[in-house]
Structure formats: C-alpha cells, structure tokens
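Structure file my_file23.txt (compact mmCIF, C-alpha atoms) follows.
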```txt
# COMPACT_ATOMS: atom_id res chain seq x y z
CA MET M 1 -20.97 5.81 -4.95
CA ALA M 2 -23.26 3.65 -2.85
CA CYS M 3 -21.46 0.32 -3.29
CA VAL M 4 -18.15 1.82 -2.13
CA GLU M 5 -19.72 3.78 0.73
CA ARG M 6 -21.54 0.74 2.12
CA CYS M 7 -18.43 -1.39 2.30
CA CYS M 8 -16.57 1.02 4.58
CA ARG M 9 -19.08 0.04 7.26
CA CYS M 10 -18.86 -3.65 6.47
CA CYS M 11 -15.11 -3.74 7.14
CA ALA M 12 -15.68 -3.34 10.88
CA GLY M 13 -17.21 -6.81 11.24
CA GLY M 14 -14.78 -9.55 12.27
CA ARG M 15 -14.73 -12.66 10.11
CA ARG M 16 -12.39 -15.58 9.64
CA GLN M 17 -8.96 -14.34 8.56
CA SER M 18 -6.77 -15.44 5.66
CA SER M 19 -4.47 -18.24 6.80
CA ILE M 20 -1.13 -16.51 6.15
CA LEU M 21 -1.68 -13.11 7.70
CA TYR M 22 -4.10 -14.34 10.34
CA ASN M 23 -1.46 -16.67 11.77
CA ILE M 24 1.11 -13.88 11.70
CA LEU M 25 -1.15 -11.47 13.52
CA ARG M 26 -2.15 -14.05 16.10
CA SER M 27 1.41 -15.18 16.76
CA GLN M 28 2.59 -11.63 17.39
CA GLU M 29 -0.18 -10.43 19.67
CA ARG M 30 2.06 -10.79 22.71
CA ALA M 31 5.14 -9.33 21.08
CA ALA M 32 5.69 -5.57 21.09
CA SER M 33 3.21 -2.85 21.93
CA PRO M 34 0.91 -1.55 19.17
CA ALA M 35 2.27 0.82 16.57
CA GLY M 36 2.14 4.47 17.43
CA GLN M 37 -0.41 6.62 15.74
CA GLY M 38 -0.05 9.84 13.88
CA PRO M 39 3.13 11.68 12.93
CA ARG M 40 5.62 12.59 15.65
CA GLN M 41 7.80 15.63 15.58
CA GLY M 42 11.44 14.95 14.88
CA GLN M 43 11.01 11.23 14.25
CA GLY M 44 11.59 9.36 11.03
CA GLN M 45 13.11 12.38 9.31
CA ALA M 46 15.87 11.71 6.85
CA SER M 47 19.24 12.88 8.07
CA ARG M 48 20.87 15.68 6.17
CA GLY M 49 23.69 14.45 4.02
CA CYS M 50 25.42 15.08 0.77
CA PRO M 51 23.43 17.47 -1.46
CA CYS M 52 24.01 15.16 -4.43
CA GLY M 53 21.30 12.89 -3.05
CA GLY M 54 23.50 10.16 -1.60
CA SER M 55 21.54 10.21 1.65
CA ARG M 56 18.34 9.41 -0.25
CA ARG M 57 20.02 6.32 -1.73
CA ARG M 58 21.04 4.89 1.64
CA ARG M 59 19.30 1.63 2.47
CA VAL M 60 17.03 1.63 5.49
CA ALA M 61 15.05 -0.91 7.50
CA LEU M 62 12.24 -0.75 10.02
CA ARG M 63 13.31 0.15 13.54
CA SER M 64 10.66 -2.14 15.04
CA PRO M 65 9.74 -4.63 12.29
CA GLN M 66 7.44 -6.80 14.41
CA VAL M 67 5.30 -3.83 15.43
CA ALA M 68 5.18 -2.09 12.04
CA CYS M 69 4.73 -5.29 10.03
CA LYS M 70 1.91 -6.44 12.27
CA ALA M 71 0.15 -3.10 11.79
CA ALA M 72 0.64 -3.26 8.00
CA SER M 73 -0.61 -6.85 7.88
CA ALA M 74 -3.75 -5.87 9.76
CA VAL M 75 -4.31 -3.01 7.32
CA LEU M 76 -3.89 -5.37 4.36
CA VAL M 77 -6.51 -7.74 5.77
CA LYS M 78 -8.86 -4.80 6.34
CA THR M 79 -8.15 -3.50 2.83
CA LEU M 80 -8.99 -6.82 1.17
CA ARG M 81 -12.13 -7.03 3.29
CA PHE M 82 -13.11 -3.56 2.07
CA VAL M 83 -12.58 -4.64 -1.55
CA GLN M 84 -14.58 -7.85 -1.12
CA ASN M 85 -17.51 -5.93 0.33
CA VAL M 86 -17.85 -3.59 -2.66
CA PRO M 87 -20.89 -5.04 -4.49
CA CYS M 88 -19.76 -3.70 -7.86
CA PHE M 89 -16.42 -5.47 -7.44
CA GLN M 90 -18.10 -8.78 -6.63
CA GLU M 91 -19.99 -8.65 -9.92
CA LEU M 92 -16.73 -8.80 -11.90
CA PRO M 93 -15.25 -12.14 -13.06
CA LEU M 94 -12.63 -13.55 -10.69
CA ASP M 95 -9.75 -13.02 -13.12
CA GLU M 96 -10.75 -9.36 -13.48
CA GLN M 97 -10.93 -9.02 -9.70
CA LEU M 98 -7.47 -10.50 -9.28
CA LEU M 99 -6.01 -8.26 -11.98
CA LEU M 100 -7.38 -5.16 -10.28
CA VAL M 101 -6.19 -6.22 -6.82
CA ARG M 102 -2.71 -7.15 -8.04
CA SER M 103 -2.28 -3.71 -9.57
CA CYS M 104 -3.64 -1.62 -6.70
CA TRP M 105 -2.99 -3.50 -3.44
CA ALA M 106 0.01 -1.31 -2.58
CA PRO M 107 -1.66 2.11 -3.04
CA LEU M 108 -4.77 0.81 -1.25
CA LEU M 109 -2.56 -0.40 1.60
CA VAL M 110 -0.83 2.98 1.91
CA LEU M 111 -4.23 4.70 1.95
CA GLY M 112 -5.19 2.29 4.74
CA LEU M 113 -2.02 3.14 6.66
CA ALA M 114 -2.95 6.81 6.39
CA GLN M 115 -6.54 6.18 7.44
CA ASP M 116 -5.47 4.17 10.50
CA ARG M 117 -2.67 6.69 11.21
CA VAL M 118 -0.01 4.01 11.37
CA HIS M 119 3.37 5.49 12.22
CA PHE M 120 6.65 3.69 11.62
CA GLU M 121 10.31 4.53 12.04
CA THR M 122 13.33 3.39 10.04
CA VAL M 123 17.03 3.10 10.71
CA GLU M 124 19.93 3.15 8.31
CA SER M 125 21.02 -0.35 7.37
CA ALA M 126 24.52 -1.71 6.91
CA GLU M 127 23.52 -3.43 3.68
CA PRO M 128 26.57 -3.55 1.35
CA SER M 129 26.49 -1.48 -1.80
CA MET M 130 26.07 -3.06 -5.23
CA LEU M 131 29.79 -2.48 -5.95
CA GLN M 132 30.78 -4.18 -2.69
CA ARG M 133 28.55 -7.14 -3.49
CA ILE M 134 29.99 -7.48 -6.99
CA LEU M 135 33.58 -7.34 -5.73
CA THR M 136 32.82 -9.84 -2.97
CA THR M 137 31.15 -12.36 -5.26
CA ARG M 138 33.93 -12.07 -7.85
CA ARG M 139 36.55 -12.83 -5.21
CA GLN M 140 34.53 -15.90 -4.28
CA GLY M 141 34.17 -16.96 -7.92
CA GLU M 142 30.39 -16.48 -7.90
CA GLN M 143 28.04 -14.72 -10.28
CA PRO M 144 27.33 -11.01 -9.57
CA PRO M 145 24.02 -10.40 -7.79
CA PRO M 146 21.07 -9.80 -10.13
CA ARG M 147 19.78 -6.30 -10.56
CA GLY M 148 16.33 -5.34 -9.37
CA PRO M 149 13.46 -4.88 -11.82
CA ALA M 150 13.56 -1.85 -14.04
CA PRO M 151 11.36 1.07 -12.97
CA GLY M 152 7.82 0.63 -14.18
CA ARG M 153 8.24 -3.06 -14.95
CA PRO M 154 5.55 -5.22 -13.32
CA HIS M 155 6.88 -7.18 -10.36
CA HIS M 156 4.84 -8.33 -7.41
CA GLY M 157 7.03 -9.03 -4.43
CA PRO M 158 10.45 -10.62 -4.05
CA ALA M 159 11.43 -13.79 -5.78
CA ALA M 160 11.39 -16.84 -3.58
CA GLY M 161 14.75 -17.42 -1.96
CA GLY M 162 16.17 -14.11 -3.25
CA ALA M 163 18.27 -11.80 -1.12
CA PRO M 164 16.35 -8.93 0.48
CA HIS M 165 16.55 -5.60 -1.30
CA LEU M 166 16.16 -2.97 1.39
CA PRO M 167 14.32 0.23 0.43
CA SER M 168 16.24 3.48 0.06
CA ALA M 169 15.77 6.51 2.28
CA GLY M 170 14.23 8.35 -0.67
CA GLU M 171 11.63 5.63 -1.21
CA ILE M 172 10.68 5.70 2.46
CA GLN M 173 10.48 9.48 2.37
CA ALA M 174 7.94 9.23 -0.48
CA ILE M 175 5.74 7.00 1.69
CA LYS M 176 6.06 9.23 4.73
CA GLY M 177 5.42 12.32 2.63
CA PHE M 178 2.20 10.76 1.37
CA LEU M 179 1.07 9.88 4.90
CA ALA M 180 1.84 13.39 6.11
CA LYS M 181 -0.17 14.87 3.23
CA CYS M 182 -3.20 12.73 4.09
CA TRP M 183 -2.97 13.59 7.78
CA SER M 184 -2.68 17.30 7.03
CA LEU M 185 -5.95 17.15 5.06
CA ASP M 186 -7.78 15.28 7.86
CA ILE M 187 -9.48 13.01 5.31
CA SER M 188 -12.79 11.56 6.47
CA THR M 189 -13.90 7.92 6.32
CA LYS M 190 -16.17 8.56 3.33
CA GLU M 191 -13.45 10.44 1.48
CA TYR M 192 -11.06 7.54 2.03
CA ALA M 193 -13.71 5.14 0.68
CA TYR M 194 -14.18 7.18 -2.50
CA LEU M 195 -10.42 7.53 -2.96
CA LYS M 196 -10.04 3.76 -2.62
CA GLY M 197 -12.82 3.24 -5.15
CA THR M 198 -11.01 5.50 -7.62
CA VAL M 199 -7.78 3.56 -7.14
CA LEU M 200 -9.42 0.12 -7.26
CA PHE M 201 -11.37 0.61 -10.46
CA ASN M 202 -8.53 1.41 -12.85
CA PRO M 203 -9.72 0.93 -16.45
CA ASP M 204 -6.25 1.46 -17.95
CA LEU M 205 -4.83 -1.92 -16.90
CA PRO M 206 -3.76 -4.18 -19.79
CA GLY M 207 -5.75 -7.39 -20.04
CA LEU M 208 -9.04 -6.10 -18.66
CA GLN M 209 -12.18 -7.23 -20.48
CA CYS M 210 -14.79 -5.12 -18.65
CA THR M 211 -13.03 -1.84 -19.38
CA GLN M 212 -16.11 0.33 -19.93
CA TYR M 213 -17.84 -1.01 -16.83
CA ILE M 214 -14.76 -0.41 -14.68
CA GLU M 215 -14.27 3.05 -16.15
CA GLY M 216 -17.86 3.87 -15.23
CA LEU M 217 -17.27 2.72 -11.64
CA GLN M 218 -14.18 4.90 -11.35
CA ARG M 219 -16.13 7.86 -12.70
CA GLU M 220 -18.89 7.24 -10.16
CA ALA M 221 -16.36 7.17 -7.32
CA GLN M 222 -14.92 10.50 -8.44
CA GLN M 223 -18.37 12.06 -8.80
CA ALA M 224 -19.41 10.82 -5.37
CA LEU M 225 -16.22 12.27 -3.87
CA ASN M 226 -16.84 15.61 -5.56
CA GLU M 227 -20.45 15.77 -4.36
CA HIS M 228 -19.46 14.82 -0.82
CA VAL M 229 -16.77 17.51 -0.70
CA ARG M 230 -19.12 20.18 -2.04
CA LEU M 231 -21.72 19.23 0.59
CA ILE M 232 -19.45 18.94 3.63
CA HIS M 233 -16.67 21.41 2.80
CA ARG M 234 -18.58 24.24 1.17
CA GLY M 235 -16.02 26.83 2.22
CA ASP M 236 -13.07 24.92 0.76
CA GLU M 237 -13.40 25.01 -3.00
CA ALA M 238 -9.91 23.59 -3.48
CA ARG M 239 -10.40 20.47 -1.36
CA PHE M 240 -11.45 18.21 -4.24
CA ALA M 241 -8.30 19.21 -6.14
CA LYS M 242 -6.19 18.57 -3.02
CA LEU M 243 -7.65 15.08 -2.69
CA ASN M 244 -6.79 14.36 -6.30
CA VAL M 245 -3.23 15.48 -5.59
CA VAL M 246 -3.20 12.73 -2.95
CA LEU M 247 -4.07 10.22 -5.69
CA SER M 248 -1.27 11.54 -7.89
CA LEU M 249 1.25 11.07 -5.06
CA LEU M 250 0.37 7.38 -4.93
CA ARG M 251 2.02 6.89 -8.33
CA SER M 252 5.45 7.51 -6.81
CA ILE M 253 5.08 4.62 -4.34
CA ASN M 254 6.55 1.32 -5.53
CA ALA M 255 4.71 -1.91 -4.70
CA ASN M 256 8.02 -3.77 -4.39
CA VAL M 257 9.16 -1.30 -1.73
CA ILE M 258 5.96 -1.89 0.26
CA ALA M 259 6.39 -5.67 0.03
CA GLU M 260 10.05 -5.56 1.08
CA LEU M 261 9.45 -3.09 3.89
CA PHE M 262 6.33 -4.50 5.55
CA PHE M 263 6.04 -8.17 4.56
CA ARG M 264 9.43 -9.75 3.90
CA PRO M 265 10.60 -9.26 7.54
CA ILE M 266 7.75 -11.46 8.84
CA ILE M 267 6.67 -13.59 5.88
CA GLY M 268 9.95 -13.95 4.02
CA ALA M 269 10.20 -14.39 0.27
CA VAL M 270 6.50 -15.02 -0.30
CA ASN M 271 5.09 -14.12 -3.70
CA MET M 272 2.54 -11.34 -3.18
CA ASP M 273 0.42 -12.57 -6.09
CA ASP M 274 -0.05 -15.93 -4.38
CA MET M 275 -0.90 -14.32 -1.07
CA LEU M 276 -3.37 -11.89 -2.64
CA LEU M 277 -5.09 -14.71 -4.51
CA GLU M 278 -5.44 -16.72 -1.29
CA MET M 279 -6.81 -13.71 0.59
CA LEU M 280 -9.17 -12.75 -2.23
CA CYS M 281 -10.68 -16.22 -2.30
CA ALA M 282 -10.91 -16.45 1.49
CA LYS M 283 -13.77 -15.32 3.70
CA LEU M 284 -12.02 -12.39 5.37
```

What is this file in structure tokens?
Amino acid sequence: MACVERCCRCCAGGRRQSSILYNILRSQERAASPAGQGPRQGQGQASRGCPCGGSRRRRVALRSPQVACKAASAVLVKTLRFVQNVPCFQELPLDEQLLLVRSCWAPLLVLGLAQDRVHFETVESAEPSMLQRILTTRRQGEQPPPRGPAPGRPHHGPAAGGAPHLPSAGEIQAIKGFLAKCWSLDISTKEYAYLKGTVLFNPDLPGLQCTQYIEGLQREAQQALNEHVRLIHRGDEARFAKLNVVLSLLRSINANVIAELFFRPIIGAVNMDDMLLEMLCAKL
C-alpha cells in the first residue's frame, strides 16, 4: 500500500510539535536517562502468587514514570505524524479522521512501542482495594467511589479531576506479552507500516460515513503486507498468519490502561479525545 509505505519515511523529519506533549518532552530532557530498549531477562515479570489469579489483579505503577512516560509520549507524537502523512487518510473528512484516531490511537501506540523497542518496568502499588475505599468513605460519610467503565464501553482517558485507577498486573502482562511477541518476530519497518494501516483503517466503527472507502484501504494494507511477506520471507509460509495473530492480540489491550499508565503520571487527568484532536490539527 503505497500511501502507508511512504509515510513511514516521512515520520523521520522533525517538525513543530503539538503543544501539550512537546512541552512535556522538552521539560524532561534533562531528567532521567532514556528508556532501555528491548526485553531484559528477569525484569518486569509478574511475581508468582495465588493460583486463583489474585496476583494478576494487583495494581501496579511504573517504576520510572518520567522515563517511560517520556518515551511513550515521543512514540505518540511519532504515531500521529505517521497517520497525518498517509495520503489516503488526509483525503478523509476531518470528523472521519478524528473518529478513526480516537478508536485506534492505543493499538497504534503499542505497535510504536514495539517498533521502537521501548522497555518499561512496573512495581506493585499500595493502592487500596475497592472494599477498603468503600469502607473508608462510608466512615467519613462520603459517597462510595464510582466504578470504572464496563468492559467494551467506549471511554477515552480518565475523567478530569478523577482519582487515578492504576492498571492491574494482568493488564500490564497483556501489554508486555504483545511487545515480546512483536520482538520475537523481528518485524520490519514496512511490516509495521502495513500493520498500522490495517489498524488505522477500521471500517467497522459506528458513525463512519466513508465505510466502503475505508474498508478498501484496510484491504489494500493487508494485501500489501501479504505480498511483502511472500517476497521477503519466501521460506516462512506461516509468517503472514503470525503477523495477523499480532493484530488479534491488540484487541486485549485497553485504551484506558494505556492512558492511565503512560499519560496520567505526567499530564494528569487530561481527556485523551481533546489531546488527540489538538495533535491531529497541529503540524507535527
């Protein structure tokens, strides 16, 4: 798919950054050292606990939030730059562009983390359980804390002023498992571009008007990926199927988890929709 392939080269050029993330990245340049790259043996592995799955429900936080959040912010800027440089995407109406980006920014970001081999570590947090919070608020005569959004319900980032909802160990393990899968396949730059094109052009989103056009773009991205794999990896007939397994793993990654993990620690309770709209309309 020519329009997707061309934009992977365009992302290397430096342009003026979006105001929110650009200021964050600039203000933290002298903070900690850059994030490590690639998976490390024995690091970030979930500790063995109760077989009932209690360890996967433990809340965790980034060990070095300034380093990891800066790396994720840089990947988000690069991801939006990639999207803006896809000619086929630019031809869509702005409201269609925003709808696509709102739905796929998180999986595109995780693909970018894999492509840049961004490694991050987490530590178990002392966040009180829901029962502890309910008991505490009742003693104080307050209302119980609101529950998080139901699984599958659209929600883009934390509500302004709301208390942070730390990700669980199981949710982090899903992200790390995806990264490890990508790294094990040694995905090339072109393959990442075609995978991103497949994710970006999702014709199944409610509210889209250019459904057939977007469906055709997704089909082109898949065809281009298949042709590239057959040309470069002639001895690996299963590689195309393996790359599609990578796409299926993205469905288990929650956008709210990505926002809470990588952006709340440095931006706070900023609505991701507002930030994406600002970045999409900016000259990245």

Restricting to only C-alpha atoms, whichever of M:Glu227, M:Leu80, M:Ile258, M:Leu243 is closest to Gln97 of chain M is M:Leu80

Restricting to only C-alpha atoms, whichever of M:Ala106, M:Ala238, M:Val83, M:Cys210 is closest to Glu260 of chain M is M:Ala106

With all atoms listed in the file as the counted atoms, please give the residues lying no more than 9 Å from Arg58 of chain M, apart from itself and same-chain residues fewer than 5 positions off, as a PyMOL selection string. chain M and resi 124-125+127+167-170

* Selection near Val75 of chain M, 8 Å with all atoms listed in the file, sequence-local residues under 4 positions removed, as a ChimeraX atom specification -> /M:71,79,109,112-113,116

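Here atom CA of Ala72 of chain M stands at a distance of 16.6 Å from atom CA of Asn271 of chain M.
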
Inset, instruction - Figure out the distance between atom CA of Val123 of chain M and atom CA of Ala61 of chain M, please, to one decimal in Å. - result: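 It comes out at 5.5 Å.
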
>> Report, in Å with one decimal, the straight-line distance from atom CA of Ser248 of chain M to atom CA of Leu99 of chain M.
In response: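 Distance reported for this atom pair: 20.8 Å.
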
Name all residues at most 8 Å from segment 185-200 of chain M (count only C-alpha atoms; drop same-chain ones fewer than 5 positions away) and give them as a PyMOL selection string.
chain M and resi 1+4-5+8+100-101+104+107-108+111+115+217-219+221-222+224-225+228+247

Those same residues - C-alpha atoms - I'd like them written as an mmCIF file, keeping the file's coordinate frame.
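Wrote it out as selection-v3.cif, contents follow:
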```
data_model
loop_
_atom_site.group_PDB
_atom_site.id
_atom_site.type_symbol
_atom_site.label_atom_id
_atom_site.label_comp_id
_atom_site.auth_asym_id
_atom_site.auth_seq_id
_atom_site.Cartn_x
_atom_site.Cartn_y
_atom_site.Cartn_z
ATOM 1 C CA MET M 1 -20.970 5.810 -4.950
ATOM 2 C CA VAL M 4 -18.150 1.820 -2.130
ATOM 3 C CA GLU M 5 -19.720 3.780 0.730
ATOM 4 C CA CYS M 8 -16.570 1.020 4.580
ATOM 5 C CA LEU M 100 -7.380 -5.160 -10.280
ATOM 6 C CA VAL M 101 -6.190 -6.220 -6.820
ATOM 7 C CA CYS M 104 -3.640 -1.620 -6.700
ATOM 8 C CA PRO M 107 -1.660 2.110 -3.040
ATOM 9 C CA LEU M 108 -4.770 0.810 -1.250
ATOM 10 C CA LEU M 111 -4.230 4.700 1.950
ATOM 11 C CA GLN M 115 -6.540 6.180 7.440
ATOM 12 C CA LEU M 217 -17.270 2.720 -11.640
ATOM 13 C CA GLN M 218 -14.180 4.900 -11.350
ATOM 14 C CA ARG M 219 -16.130 7.860 -12.700
ATOM 15 C CA ALA M 221 -16.360 7.170 -7.320
ATOM 16 C CA GLN M 222 -14.920 10.500 -8.440
ATOM 17 C CA ALA M 224 -19.410 10.820 -5.370
ATOM 18 C CA LEU M 225 -16.220 12.270 -3.870
ATOM 19 C CA HIS M 228 -19.460 14.820 -0.820
ATOM 20 C CA LEU M 247 -4.070 10.220 -5.690
#
```

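With all atoms listed in the file as the basis for measurement, M:Gln173 is the residue among M:Asn202, M:Asn256, M:Gln173, M:Gln212 that approaches Val60 of chain M most closely.
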
Check: Which residue, M:Ala114, M:Leu166, M:Leu276, M:Cys88, has the smallest gap to Gly216 of chain M when you use only C-alpha atoms?
Finding: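 Smallest separation from Gly216 of chain M among the options: M:Cys88.
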
Nearest to Ala282 of chain M, restricted to all atoms listed in the file and choosing among M:Leu179, M:Val110, M:Ala255, M:Val77, comes out as M:Val77

**Asked** Of the candidates M:Gly177, M:Ala68, M:Gln84, M:Ser73, which one gets nearest to Ile267 of chain M if we count only C-alpha atoms?
**Response**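 Among the listed residues, M:Ser73 lies closest to Ile267 of chain M.
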
Quick one: everything within 9 Å of Arg239 of chain M, counting all atoms listed in the file, minus sequence neighbours fewer than 6 positions away in the same chain. Send it as a PDB file with C-alpha atoms, in the coordinates of the input.
```
ATOM      1  CA  LEU M 185      -5.950  17.150   5.060  1.00  0.00           C
ATOM      2  CA  VAL M 229     -16.770  17.510  -0.700  1.00  0.00           C
ATOM      3  CA  ARG M 230     -19.120  20.180  -2.040  1.00  0.00           C
ATOM      4  CA  HIS M 233     -16.670  21.410   2.800  1.00  0.00           C
TER       5      HIS M 233
END
```

Save segment 156-233 of chain M to disk from that block, C-alpha atoms included, as a PDB file, in the first residue's frame.
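So selection15.pdb came out as:
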```pdb
ATOM      1  CA  HIS M 156     -11.161   7.766  26.219  1.00  0.00           C
ATOM      2  CA  GLY M 157      -8.970   8.579  29.168  1.00  0.00           C
ATOM      3  CA  PRO M 158      -9.710   9.471  32.771  1.00  0.00           C
ATOM      4  CA  ALA M 159     -12.320  11.969  33.755  1.00  0.00           C
ATOM      5  CA  ALA M 160     -10.959  15.332  34.742  1.00  0.00           C
ATOM      6  CA  GLY M 161     -10.274  15.516  38.447  1.00  0.00           C
ATOM      7  CA  GLY M 162     -11.000  11.800  38.978  1.00  0.00           C
ATOM      8  CA  ALA M 163      -8.865   9.575  41.158  1.00  0.00           C
ATOM      9  CA  PRO M 164      -6.246   7.534  39.289  1.00  0.00           C
ATOM     10  CA  HIS M 165      -7.183   3.953  38.520  1.00  0.00           C
ATOM     11  CA  LEU M 166      -3.920   2.042  38.425  1.00  0.00           C
ATOM     12  CA  PRO M 167      -3.666  -0.838  35.935  1.00  0.00           C
ATOM     13  CA  SER M 168      -3.637  -4.418  37.182  1.00  0.00           C
ATOM     14  CA  ALA M 169      -0.707  -6.790  36.822  1.00  0.00           C
ATOM     15  CA  GLY M 170      -2.735  -8.816  34.330  1.00  0.00           C
ATOM     16  CA  GLU M 171      -3.357  -5.787  32.122  1.00  0.00           C
ATOM     17  CA  ILE M 172       0.339  -4.923  32.130  1.00  0.00           C
ATOM     18  CA  GLN M 173       1.205  -8.527  31.337  1.00  0.00           C
ATOM     19  CA  ALA M 174      -1.021  -8.334  28.231  1.00  0.00           C
ATOM     20  CA  ILE M 175       0.958  -5.311  27.014  1.00  0.00           C
ATOM     21  CA  LYS M 176       4.307  -6.911  27.737  1.00  0.00           C
ATOM     22  CA  GLY M 177       3.200 -10.153  26.129  1.00  0.00           C
ATOM     23  CA  PHE M 178       2.303  -8.255  22.977  1.00  0.00           C
ATOM     24  CA  LEU M 179       5.672  -6.474  22.911  1.00  0.00           C
ATOM     25  CA  ALA M 180       7.510  -9.764  23.418  1.00  0.00           C
ATOM     26  CA  LYS M 181       5.553 -11.339  20.547  1.00  0.00           C
ATOM     27  CA  CYS M 182       6.495  -8.490  18.195  1.00  0.00           C
ATOM     28  CA  TRP M 183      10.147  -8.633  19.212  1.00  0.00           C
ATOM     29  CA  SER M 184      10.270 -12.400  18.724  1.00  0.00           C
ATOM     30  CA  LEU M 185       9.049 -11.971  15.126  1.00  0.00           C
ATOM     31  CA  ASP M 186      11.636  -9.247  14.373  1.00  0.00           C
ATOM     32  CA  ILE M 187       9.040  -7.226  12.452  1.00  0.00           C
ATOM     33  CA  SER M 188      10.480  -4.930   9.801  1.00  0.00           C
ATOM     34  CA  THR M 189       9.694  -1.246   9.259  1.00  0.00           C
ATOM     35  CA  LYS M 190       7.496  -1.982   6.243  1.00  0.00           C
ATOM     36  CA  GLU M 191       5.620  -4.706   8.092  1.00  0.00           C
ATOM     37  CA  TYR M 192       4.938  -2.308  10.959  1.00  0.00           C
ATOM     38  CA  ALA M 193       3.646   0.265   8.452  1.00  0.00           C
ATOM     39  CA  TYR M 194       1.224  -2.220   6.895  1.00  0.00           C
ATOM     40  CA  LEU M 195       0.074  -3.418  10.321  1.00  0.00           C
ATOM     41  CA  LYS M 196      -0.586   0.180  11.344  1.00  0.00           C
ATOM     42  CA  GLY M 197      -2.527   0.750   8.136  1.00  0.00           C
ATOM     43  CA  THR M 198      -4.704  -2.276   8.897  1.00  0.00           C
ATOM     44  CA  VAL M 199      -5.396  -0.980  12.400  1.00  0.00           C
ATOM     45  CA  LEU M 200      -5.984   2.625  11.327  1.00  0.00           C
ATOM     46  CA  PHE M 201      -8.496   1.920   8.584  1.00  0.00           C
ATOM     47  CA  ASN M 202     -11.166   0.101  10.581  1.00  0.00           C
ATOM     48  CA  PRO M 203     -14.440   0.095   8.608  1.00  0.00           C
ATOM     49  CA  ASP M 204     -16.461  -1.421  11.469  1.00  0.00           C
ATOM     50  CA  LEU M 205     -16.580   1.730  13.608  1.00  0.00           C
ATOM     51  CA  PRO M 206     -20.085   3.103  14.258  1.00  0.00           C
ATOM     52  CA  GLY M 207     -20.676   6.542  12.784  1.00  0.00           C
ATOM     53  CA  LEU M 208     -18.365   6.253   9.787  1.00  0.00           C
ATOM     54  CA  GLN M 209     -19.702   7.621   6.501  1.00  0.00           C
ATOM     55  CA  CYS M 210     -16.914   6.502   4.140  1.00  0.00           C
ATOM     56  CA  THR M 211     -17.186   2.851   5.140  1.00  0.00           C
ATOM     57  CA  GLN M 212     -16.542   1.292   1.726  1.00  0.00           C
ATOM     58  CA  TYR M 213     -13.560   3.544   1.050  1.00  0.00           C
ATOM     59  CA  ILE M 214     -12.024   2.770   4.443  1.00  0.00           C
ATOM     60  CA  GLU M 215     -12.691  -0.941   4.010  1.00  0.00           C
ATOM     61  CA  GLY M 216     -10.861  -0.813   0.694  1.00  0.00           C
ATOM     62  CA  LEU M 217      -7.867   0.883   2.332  1.00  0.00           C
ATOM     63  CA  GLN M 218      -7.710  -1.782   5.022  1.00  0.00           C
ATOM     64  CA  ARG M 219      -7.873  -4.490   2.367  1.00  0.00           C
ATOM     65  CA  GLU M 220      -5.032  -2.821   0.459  1.00  0.00           C
ATOM     66  CA  ALA M 221      -2.893  -2.715   3.605  1.00  0.00           C
ATOM     67  CA  GLN M 222      -3.448  -6.426   4.185  1.00  0.00           C
ATOM     68  CA  GLN M 223      -2.696  -7.281   0.558  1.00  0.00           C
ATOM     69  CA  ALA M 224       0.474  -5.200   0.618  1.00  0.00           C
ATOM     70  CA  LEU M 225       1.579  -6.948   3.822  1.00  0.00           C
ATOM     71  CA  ASN M 226       0.912 -10.357   2.291  1.00  0.00           C
ATOM     72  CA  GLU M 227       2.845  -9.532  -0.885  1.00  0.00           C
ATOM     73  CA  HIS M 228       5.760  -8.129   1.102  1.00  0.00           C
ATOM     74  CA  VAL M 229       5.954 -11.235   3.291  1.00  0.00           C
ATOM     75  CA  ARG M 230       5.827 -13.572   0.296  1.00  0.00           C
ATOM     76  CA  LEU M 231       8.629 -11.614  -1.379  1.00  0.00           C
ATOM     77  CA  ILE M 232      10.967 -11.193   1.594  1.00  0.00           C
ATOM     78  CA  HIS M 233      10.195 -14.294   3.666  1.00  0.00           C
TER      79      HIS M 233
END
```
